file upload_0.cif (mmCIF, C-alpha atoms)
data_run
#
loop_
_atom_site.label_atom_id
_atom_site.label_comp_id
_atom_site.auth_asym_id
_atom_site.auth_seq_id
_atom_site.Cartn_x
_atom_site.Cartn_y
_atom_site.Cartn_z
CA MET A 1 -26.51 11.34 79.86
CA GLU A 2 -25.81 12.05 76.21
CA ALA A 3 -29.42 13.13 75.61
CA LEU A 4 -29.33 15.43 78.65
CA SER A 5 -26.12 17.02 77.41
CA ARG A 6 -27.44 17.40 73.85
CA SER A 7 -30.62 19.09 75.10
CA ALA A 8 -28.56 21.56 77.12
CA GLN A 9 -26.43 22.36 74.05
CA GLU A 10 -29.56 23.02 71.98
CA MET A 11 -30.81 25.41 74.66
CA LYS A 12 -27.47 27.24 74.56
CA HIS A 13 -27.81 27.62 70.78
CA MET A 14 -31.29 29.10 71.19
CA GLU A 15 -29.99 31.50 73.80
CA ASN A 16 -27.26 32.64 71.43
CA ILE A 17 -29.91 33.85 68.98
CA SER A 18 -32.48 34.96 71.56
CA SER A 19 -31.38 38.58 71.11
CA LEU A 20 -32.79 38.34 67.57
CA LEU A 21 -36.11 37.10 68.91
CA GLN A 22 -36.43 39.29 71.98
CA GLY A 23 -39.24 41.85 71.91
CA SER A 24 -39.61 45.09 73.83
CA SER A 25 -40.99 43.42 76.98
CA PRO A 26 -39.74 40.40 78.99
CA GLY A 27 -41.16 37.15 77.68
CA GLU A 28 -42.26 38.67 74.36
CA TYR A 29 -40.75 37.83 70.98
CA GLN A 30 -40.59 39.81 67.79
CA ARG A 31 -41.10 38.69 64.19
CA LEU A 32 -38.05 38.22 61.96
CA ASP A 33 -37.55 37.80 58.26
CA PRO A 34 -38.57 34.13 57.68
CA LYS A 35 -35.36 33.23 55.80
CA LEU A 36 -33.16 34.80 58.48
CA GLU A 37 -35.06 33.00 61.19
CA ARG A 38 -34.88 29.59 59.50
CA GLU A 39 -31.12 29.94 59.21
CA ALA A 40 -30.74 31.21 62.77
CA ILE A 41 -32.83 28.51 64.50
CA ALA A 42 -31.04 25.57 62.87
CA ALA A 43 -27.61 24.72 64.24
CA PRO A 44 -24.76 24.49 61.69
CA GLY A 45 -25.32 21.52 59.38
CA GLU A 46 -28.91 20.99 60.55
CA GLN A 47 -32.01 20.88 58.40
CA PRO A 48 -33.79 24.27 58.69
CA TRP A 49 -36.93 24.75 60.77
CA GLU A 50 -40.22 26.16 59.43
CA MET A 51 -42.17 28.45 61.75
CA ILE A 52 -45.83 27.47 62.01
CA MET A 53 -46.94 29.55 65.00
CA ASP A 54 -45.79 32.92 66.29
CA LYS A 55 -47.41 34.02 69.55
CA LYS A 56 -46.64 36.70 72.10
CA HIS A 57 -44.90 34.37 74.56
CA PHE A 58 -43.68 31.51 72.36
CA LYS A 59 -42.75 30.41 68.86
CA LEU A 60 -43.38 26.98 67.31
CA TRP A 61 -41.35 25.44 64.47
CA ARG A 62 -41.36 22.12 62.65
CA ARG A 63 -39.12 20.25 60.22
CA PRO A 64 -39.52 16.95 58.33
CA ILE A 65 -37.84 13.85 59.78
CA GLU A 66 -35.82 12.36 56.93
CA GLY A 67 -37.11 9.12 55.51
CA THR A 68 -40.54 9.45 57.16
CA HIS A 69 -43.83 11.30 56.75
CA LEU A 70 -43.39 12.79 60.22
CA TYR A 71 -42.28 16.14 61.63
CA GLN A 72 -40.14 17.14 64.57
CA TYR A 73 -41.43 20.15 66.53
CA ARG A 74 -39.70 22.81 68.60
CA VAL A 75 -41.15 25.40 70.96
CA PHE A 76 -39.15 28.28 72.45
CA GLY A 77 -40.98 30.39 75.00
CA SER A 78 -40.99 32.15 78.31
CA TYR A 79 -43.11 32.57 81.45
CA THR A 80 -42.65 35.34 84.00
CA ASP A 81 -45.31 34.53 86.62
CA VAL A 82 -44.18 31.13 87.89
CA THR A 83 -40.87 29.74 89.15
CA PRO A 84 -38.74 27.21 87.23
CA ARG A 85 -38.97 24.79 90.17
CA GLN A 86 -42.79 24.85 90.09
CA PHE A 87 -42.95 24.38 86.31
CA PHE A 88 -40.43 21.52 86.47
CA ASN A 89 -42.14 19.71 89.36
CA VAL A 90 -45.64 19.94 87.85
CA GLN A 91 -44.36 18.24 84.67
CA LEU A 92 -42.90 15.36 86.65
CA ASP A 93 -45.67 14.80 89.20
CA THR A 94 -47.80 12.07 87.60
CA GLU A 95 -50.44 12.12 90.36
CA TYR A 96 -51.04 15.85 89.98
CA ARG A 97 -51.21 15.58 86.19
CA LYS A 98 -54.14 13.18 86.50
CA LYS A 99 -56.02 16.10 88.05
CA TRP A 100 -55.14 18.92 85.65
CA ASP A 101 -54.89 17.06 82.32
CA SER A 102 -58.39 15.93 81.29
CA LEU A 103 -56.97 13.91 78.37
CA VAL A 104 -55.21 11.45 80.68
CA ILE A 105 -56.87 8.04 80.93
CA LYS A 106 -54.01 6.36 82.76
CA LEU A 107 -50.61 7.58 83.96
CA ASP A 108 -48.51 5.29 86.14
CA VAL A 109 -44.86 4.81 87.06
CA ILE A 110 -44.13 1.19 86.08
CA GLU A 111 -40.56 0.99 87.31
CA ARG A 112 -38.13 3.33 89.03
CA ASP A 113 -34.36 3.02 89.21
CA LEU A 114 -33.25 4.49 92.54
CA ALA A 115 -29.61 4.65 91.42
CA THR A 116 -30.09 6.83 88.31
CA GLY A 117 -33.51 8.42 88.84
CA SER A 118 -34.83 6.94 85.58
CA GLU A 119 -38.50 6.00 85.51
CA VAL A 120 -40.60 3.92 83.11
CA ILE A 121 -44.04 5.48 82.60
CA HIS A 122 -47.23 4.06 81.10
CA TRP A 123 -49.39 6.86 79.71
CA VAL A 124 -52.79 6.42 78.07
CA THR A 125 -54.37 9.52 76.54
CA HIS A 126 -57.48 10.49 74.60
CA PHE A 127 -57.02 11.44 70.93
CA PRO A 128 -59.45 13.59 68.93
CA TYR A 129 -62.60 11.81 67.75
CA PRO A 130 -62.92 9.52 65.80
CA MET A 131 -59.43 8.19 66.61
CA TYR A 132 -58.74 5.53 69.23
CA SER A 133 -56.94 6.51 72.42
CA ARG A 134 -53.16 6.13 72.34
CA ASP A 135 -50.86 4.57 74.89
CA TYR A 136 -47.18 5.24 75.42
CA VAL A 137 -44.55 3.36 77.39
CA TYR A 138 -41.51 5.56 77.86
CA VAL A 139 -38.46 6.05 80.01
CA ARG A 140 -37.78 9.50 81.39
CA ARG A 141 -34.71 10.99 83.01
CA TYR A 142 -34.27 14.42 84.52
CA SER A 143 -31.33 16.51 85.65
CA VAL A 144 -30.91 19.77 87.57
CA ASP A 145 -27.60 21.46 86.78
CA LYS A 146 -27.20 24.07 89.51
CA GLU A 147 -23.76 25.10 88.29
CA ASN A 148 -25.04 26.04 84.81
CA ASN A 149 -28.53 27.05 86.01
CA LEU A 150 -30.38 24.50 83.85
CA MET A 151 -33.13 21.91 84.25
CA VAL A 152 -33.51 19.11 81.69
CA LEU A 153 -36.20 16.44 81.25
CA VAL A 154 -35.84 13.85 78.47
CA SER A 155 -38.21 11.02 77.49
CA ARG A 156 -38.26 8.35 74.79
CA ALA A 157 -40.42 5.34 73.96
CA VAL A 158 -39.32 1.90 75.17
CA GLU A 159 -40.78 -1.57 75.49
CA HIS A 160 -41.48 -3.09 78.89
CA PRO A 161 -42.66 -6.67 79.56
CA SER A 162 -45.11 -5.63 82.27
CA VAL A 163 -47.08 -3.42 79.83
CA PRO A 164 -48.18 -5.52 76.84
CA GLU A 165 -50.23 -3.95 74.09
CA ASP A 166 -53.92 -3.48 74.86
CA PRO A 167 -56.32 -3.89 71.89
CA GLU A 168 -58.37 -1.02 73.33
CA TYR A 169 -55.56 1.45 72.58
CA VAL A 170 -53.08 2.15 69.78
CA ARG A 171 -49.50 1.75 71.02
CA VAL A 172 -47.18 4.61 70.03
CA ARG A 173 -43.71 3.15 69.57
CA THR A 174 -41.87 6.21 68.30
CA TYR A 175 -41.76 9.08 70.78
CA GLU A 176 -39.09 11.51 71.96
CA SER A 177 -39.35 14.66 74.04
CA GLN A 178 -36.75 17.02 75.52
CA MET A 179 -37.61 19.96 77.77
CA VAL A 180 -34.90 22.40 78.86
CA ILE A 181 -35.63 25.17 81.38
CA ARG A 182 -33.33 28.15 81.93
CA PRO A 183 -34.22 30.39 84.91
CA HIS A 184 -34.00 34.14 84.33
CA LYS A 185 -32.49 34.38 87.83
CA THR A 186 -32.78 31.40 90.17
CA PHE A 187 -34.82 28.19 90.40
CA ASP A 188 -37.10 29.76 93.01
CA GLU A 189 -37.73 33.20 91.47
CA ASN A 190 -40.40 33.87 88.85
CA GLY A 191 -39.26 33.85 85.24
CA PHE A 192 -37.63 31.39 82.85
CA ASP A 193 -37.17 30.44 79.20
CA TYR A 194 -37.93 26.93 77.99
CA LEU A 195 -37.11 24.89 74.91
CA LEU A 196 -39.29 21.88 74.05
CA THR A 197 -38.31 19.54 71.21
CA TYR A 198 -40.79 16.79 70.41
CA SER A 199 -41.56 14.06 67.89
CA ASP A 200 -43.75 10.96 67.77
CA ASN A 201 -45.53 8.67 65.36
CA PRO A 202 -49.21 8.53 66.42
CA GLN A 203 -49.88 5.58 64.09
CA THR A 204 -52.67 7.28 62.18
CA VAL A 205 -53.83 6.93 58.58
CA PHE A 206 -54.56 10.66 58.34
CA PRO A 207 -52.38 12.70 55.94
CA ARG A 208 -49.29 14.42 57.33
CA TYR A 209 -50.87 17.87 57.23
CA CYS A 210 -53.72 16.62 59.46
CA VAL A 211 -51.28 15.18 61.99
CA SER A 212 -49.26 18.39 61.86
CA TRP A 213 -52.40 20.43 62.56
CA MET A 214 -53.26 18.23 65.56
CA VAL A 215 -49.76 18.57 67.04
CA SER A 216 -49.37 22.28 66.30
CA SER A 217 -52.70 23.04 67.96
CA GLY A 218 -52.41 20.49 70.75
CA MET A 219 -48.90 21.37 71.91
CA PRO A 220 -49.60 25.04 72.77
CA ASP A 221 -52.82 23.93 74.49
CA PHE A 222 -50.87 21.42 76.60
CA LEU A 223 -48.22 24.01 77.53
CA GLU A 224 -50.89 26.47 78.63
CA LYS A 225 -52.59 23.79 80.74
CA LEU A 226 -49.20 22.97 82.26
CA HIS A 227 -48.60 26.67 82.99
CA THR A 228 -52.05 27.06 84.56
CA ALA A 229 -51.48 23.95 86.70
CA ALA A 230 -48.18 25.38 87.94
CA LEU A 231 -49.90 28.68 88.80
CA LYS A 232 -52.71 26.85 90.58
CA ALA A 233 -50.24 24.78 92.59
CA LYS A 234 -48.47 27.99 93.56
CA LYS A 235 -51.53 30.03 94.52
CA MET A 236 -53.46 27.24 96.24
CA GLU A 237 -50.31 25.73 97.75
CA ILE A 238 -51.19 22.34 96.27
CA GLU A 239 -48.66 19.79 97.42
CA VAL A 240 -46.52 18.81 94.45
CA ARG A 241 -43.50 16.55 94.87
CA ASP A 242 -40.22 18.46 94.77
CA TYR A 243 -38.12 16.56 92.25
CA MET A 244 -35.18 18.94 92.70
CA SER A 245 -34.79 17.78 96.30
CA ALA A 246 -35.46 14.10 95.54
CA LYS A 247 -31.91 13.13 94.67
CA PRO A 248 -31.22 9.67 93.24
CA ILE A 249 -30.11 7.21 95.93
CA GLU A 250 -26.54 5.99 95.64
CA SER A 251 -26.31 2.34 94.62
CA GLY A 252 -24.07 1.69 97.62
CA SER A 253 -26.73 2.72 100.13
CA SER A 254 -28.94 0.16 101.84
CA GLU A 255 -32.08 1.34 100.01
CA GLY A 256 -30.26 1.35 96.70
CA LYS A 257 -29.00 -2.19 97.30
CA ALA A 258 -32.51 -3.32 98.24
CA SER A 259 -33.83 -1.94 94.97
CA MET A 260 -31.11 -3.72 92.99
CA ALA A 261 -31.76 -7.00 94.82
CA ALA A 262 -35.50 -6.73 94.21
CA ALA A 263 -34.87 -6.17 90.50
CA GLU A 264 -32.70 -9.31 90.35
CA HIS A 265 -35.59 -11.41 91.71
CA LYS A 266 -38.11 -10.19 89.15
CA SER A 267 -39.27 -12.51 86.39
CA ASP A 268 -37.04 -12.96 83.36
CA GLY A 269 -37.33 -10.21 80.77
CA THR A 270 -37.99 -7.38 83.20
CA CYS A 271 -35.89 -4.29 82.57
CA SER A 272 -32.97 -3.99 84.98
CA PRO A 273 -31.89 -0.61 86.36
CA ALA A 274 -29.15 -0.49 83.73
CA GLN A 275 -31.77 -0.81 80.99
CA LEU A 276 -33.61 2.23 82.33
CA GLU A 277 -30.64 4.44 81.51
CA TYR A 278 -31.60 7.04 78.90
CA ALA A 279 -29.16 6.62 76.00
#
call {"tool": "encode", "arguments": {"input": "upload_0.cif", "output": "structure tokens"}}
result
Amino acid sequence: MEALSRSAQEMKHMENISSLLQGSSPGEYQRLDPKLEREAIAAPGEQPWEMIMDKKHFKLWRRPIEGTHLYQYRVFGSYTDVTPRQFFNVQLDTEYRKKWDSLVIKLDVIERDLATGSEVIHWVTHFPYPMYSRDYVYVRRYSVDKENNLMVLVSRAVEHPSVPEDPEYVRVRTYESQMVIRPHKTFDENGFDYLLTYSDNPQTVFPRYCVSWMVSSGMPDFLEKLHTAALKAKKMEIEVRDYMSAKPIESGSSEGKASMAAAEHKSDGTCSPAQLEYA
């Protein structure tokens, strides 16, 4: 829950300075003095962010992760032609992603905790030639805060005994992602802002600037594919699971108890529902 709360606070900070970024039309952002922007984007006491991409509908920043050769990335943007619910559901629907994301080799839910809604995902994805494909095992948790009009999706890498390393892929062990969506009006009306904060260690021998180039070009491409998939689902009425309506089952219910009992009978070393909690 701490990660969900922290992501929401970061979105609030971005909203507090959005008046500086707002352009003349909805969903458009203006250019600021670089020094002013670096100071504005970083919360008090934070390391400043460096802008590396400035587009009509989004901005992309990065900053070094202390003690590593890696960067953390942040995207702040807006869409006006799709609803927050559609954008949120398309991100979470693993079966639909296999259809719209051509980089996916494998994408499966390994374990699901009915009490908290946490899920362990195994994701295998193509990387640019000549690199090997990468695989990720991560836990994800999502929350819809109707009172504060926010949607949050957080993910981080974990280990899981049912997904050992495969010599065919390179296992990515450091990965974190937080997506916060703020509707302009409601969850079911077109228009929202989003804040994506992302970092991982792709385990490559390429210099940092090469990795940065891959991420800074790949992330906007992924977001546009995600946007297009949400539009396609809307226009073609493709059935996408509604994660807003799929509320976690209370542990006291019969189905919740069955899930807990099944977990207790799994082989030793399997993650229990408590271990699926996102810290």
call {"tool": "atom_distance", "arguments": {"input": "upload_0.cif", "atom1": "atom CA of A:Arg140", "atom2": "atom CA of A:Met179"}}
result
11.1 Å
call {"tool": "resolve_selection", "arguments": {"input": "upload_0.cif", "expression": "the PyMOL selection byres ((chain A and resi 224) around 12)", "output": "PyMOL selection string"}}
result
chain A and resi 57-58+77-79+87+100-101+217-223+225-231
call {"tool": "closest_residue", "arguments": {"input": "upload_0.cif", "among": "A:Trp49, A:Tyr71, A:Tyr169, A:Trp61", "to": "A:Ile105", "atoms": "all atoms listed in the file"}}
result
A:Tyr169
call {"tool": "resolve_selection", "arguments": {"input": "upload_0.cif", "expression": "the PyMOL selection byres ((chain A and resi 196-206) around 8)", "output": "PyMOL selection string"}}
result
chain A and resi 70-76+134+170-180+194-195+207-208+210-211
call {"tool": "atom_distance", "arguments": {"input": "upload_0.cif", "atom1": "atom CA of A:Asp108", "atom2": "atom CA of A:Phe187"}}
result
27.0 Å
call {"tool": "residues_near_point", "arguments": {"input": "upload_0.cif", "point": "(-30.9, 29.6, 85.3)", "cutoff": "8 Å", "atoms": "all atoms listed in the file", "output": "list of chain:residue names"}}
result
A:Lys146, A:Asn148, A:Asn149, A:Leu150, A:Ile181, A:Arg182, A:Pro183, A:His184, A:Lys185, A:Thr186, A:Phe187, A:Phe192
call {"tool": "write_last_selection", "arguments": {"input": "upload_0.cif", "atoms": "C-alpha atoms", "output": "PDB file, keeping the file's coordinate frame"}}
result
ATOM      1  CA  LYS A 146     -27.200  24.070  89.510  1.00  0.00           C
ATOM      2  CA  ASN A 148     -25.040  26.040  84.810  1.00  0.00           C
ATOM      3  CA  ASN A 149     -28.530  27.050  86.010  1.00  0.00           C
ATOM      4  CA  LEU A 150     -30.380  24.500  83.850  1.00  0.00           C
ATOM      5  CA  ILE A 181     -35.630  25.170  81.380  1.00  0.00           C
ATOM      6  CA  ARG A 182     -33.330  28.150  81.930  1.00  0.00           C
ATOM      7  CA  PRO A 183     -34.220  30.390  84.910  1.00  0.00           C
ATOM      8  CA  HIS A 184     -34.000  34.140  84.330  1.00  0.00           C
ATOM      9  CA  LYS A 185     -32.490  34.380  87.830  1.00  0.00           C
ATOM     10  CA  THR A 186     -32.780  31.400  90.170  1.00  0.00           C
ATOM     11  CA  PHE A 187     -34.820  28.190  90.400  1.00  0.00           C
ATOM     12  CA  PHE A 192     -37.630  31.390  82.850  1.00  0.00           C
TER      13      PHE A 192
END
call {"tool": "closest_residue", "arguments": {"input": "upload_0.cif", "among": "A:Pro128, A:Val152, A:Val139, A:Tyr243", "to": "A:Asp113", "atoms": "all atoms listed in the file"}}
result
A:Val139
call {"tool": "closest_residue", "arguments": {"input": "upload_0.cif", "among": "A:Phe88, A:Pro164, A:Arg141, A:Thr94", "to": "A:Ala115", "atoms": "all atoms listed in the file"}}
result
A:Arg141
call {"tool": "residues_near_point", "arguments": {"input": "upload_0.cif", "point": "(-39.8, 4.1, 84.3)", "cutoff": "8 Å", "atoms": "only C-alpha atoms", "output": "PyMOL selection string"}}
result
chain A and resi 109-113+118-121+138-140+276
call {"tool": "atom_distance", "arguments": {"input": "upload_0.cif", "atom1": "atom CA of A:Val104", "atom2": "atom CA of A:His126"}}
result
6.6 Å
call {"tool": "closest_residue", "arguments": {"input": "upload_0.cif", "among": "A:Arg62, A:His122, A:Lys55, A:Lys98", "to": "A:Val163", "atoms": "only C-alpha atoms"}}
result
A:His122
call {"tool": "closest_residue", "arguments": {"input": "upload_0.cif", "among": "A:Asp54, A:Glu66, A:Glu165, A:Asp93", "to": "A:Asp242", "atoms": "all atoms listed in the file"}}
result
A:Asp93
call {"tool": "residues_around", "arguments": {"input": "upload_0.cif", "residues": "A:Asp188", "least_positions_apart": "2", "cutoff": "10 Å", "atoms": "all atoms listed in the file", "output": "list in words"}}
result
Val82, Thr83, Pro84, Arg85, Gln86, Pro183, Lys185, Thr186, Asn190 and Gly191 of chain A
call {"tool": "write_last_selection", "arguments": {"input": "upload_0.cif", "atoms": "C-alpha atoms", "output": "short mmCIF file (atom, residue, chain, number, x, y, z; two decimals), in the coordinates of the input"}}
result
data_model
loop_
_atom_site.label_atom_id
_atom_site.label_comp_id
_atom_site.auth_asym_id
_atom_site.auth_seq_id
_atom_site.Cartn_x
_atom_site.Cartn_y
_atom_site.Cartn_z
CA VAL A 82 -44.18 31.13 87.89
CA THR A 83 -40.87 29.74 89.15
CA PRO A 84 -38.74 27.21 87.23
CA ARG A 85 -38.97 24.79 90.17
CA GLN A 86 -42.79 24.85 90.09
CA PRO A 183 -34.22 30.39 84.91
CA LYS A 185 -32.49 34.38 87.83
CA THR A 186 -32.78 31.40 90.17
CA ASN A 190 -40.40 33.87 88.85
CA GLY A 191 -39.26 33.85 85.24
#
call {"tool": "residues_around", "arguments": {"input": "upload_0.cif", "residues": "A:Tyr96", "least_positions_apart": "5", "cutoff": "10 Å", "atoms": "only C-alpha atoms", "output": "PyMOL selection string"}}
result
chain A and resi 89-91+101+229+233+238-241
call {"tool": "closest_residue", "arguments": {"input": "upload_0.cif", "among": "A:Gly67, A:Val215, A:Lys232, A:Leu153", "to": "A:Ser5", "atoms": "only C-alpha atoms"}}
result
A:Leu153
call {"tool": "decode", "arguments": {"input": "upload_0.cif", "residues": "stretch 168-185 of chain A", "atoms": "C-alpha atoms", "output": "mmCIF file, in the first residue's frame"}}
result
data_model
loop_
_atom_site.group_PDB
_atom_site.id
_atom_site.type_symbol
_atom_site.label_atom_id
_atom_site.label_comp_id
_atom_site.auth_asym_id
_atom_site.auth_seq_id
_atom_site.Cartn_x
_atom_site.Cartn_y
_atom_site.Cartn_z
ATOM 1 C CA GLU A 168 17.305 -18.895 -23.537
ATOM 2 C CA TYR A 169 16.531 -15.530 -21.915
ATOM 3 C CA VAL A 170 18.295 -12.964 -19.724
ATOM 4 C CA ARG A 171 16.495 -12.565 -16.392
ATOM 5 C CA VAL A 172 15.912 -8.939 -15.360
ATOM 6 C CA ARG A 173 16.043 -8.805 -11.571
ATOM 7 C CA THR A 174 15.759 -5.063 -11.035
ATOM 8 C CA TYR A 175 12.509 -3.564 -12.290
ATOM 9 C CA GLU A 176 10.010 -1.050 -10.927
ATOM 10 C CA SER A 177 7.112 0.716 -12.592
ATOM 11 C CA GLN A 178 4.380 3.033 -11.297
ATOM 12 C CA MET A 179 1.532 4.347 -13.441
ATOM 13 C CA VAL A 180 -0.901 6.920 -12.040
ATOM 14 C CA ILE A 181 -3.965 8.028 -14.018
ATOM 15 C CA ARG A 182 -5.988 11.130 -13.167
ATOM 16 C CA PRO A 183 -9.269 11.552 -15.109
ATOM 17 C CA HIS A 184 -10.041 15.051 -16.381
ATOM 18 C CA LYS A 185 -13.663 14.384 -15.375
#
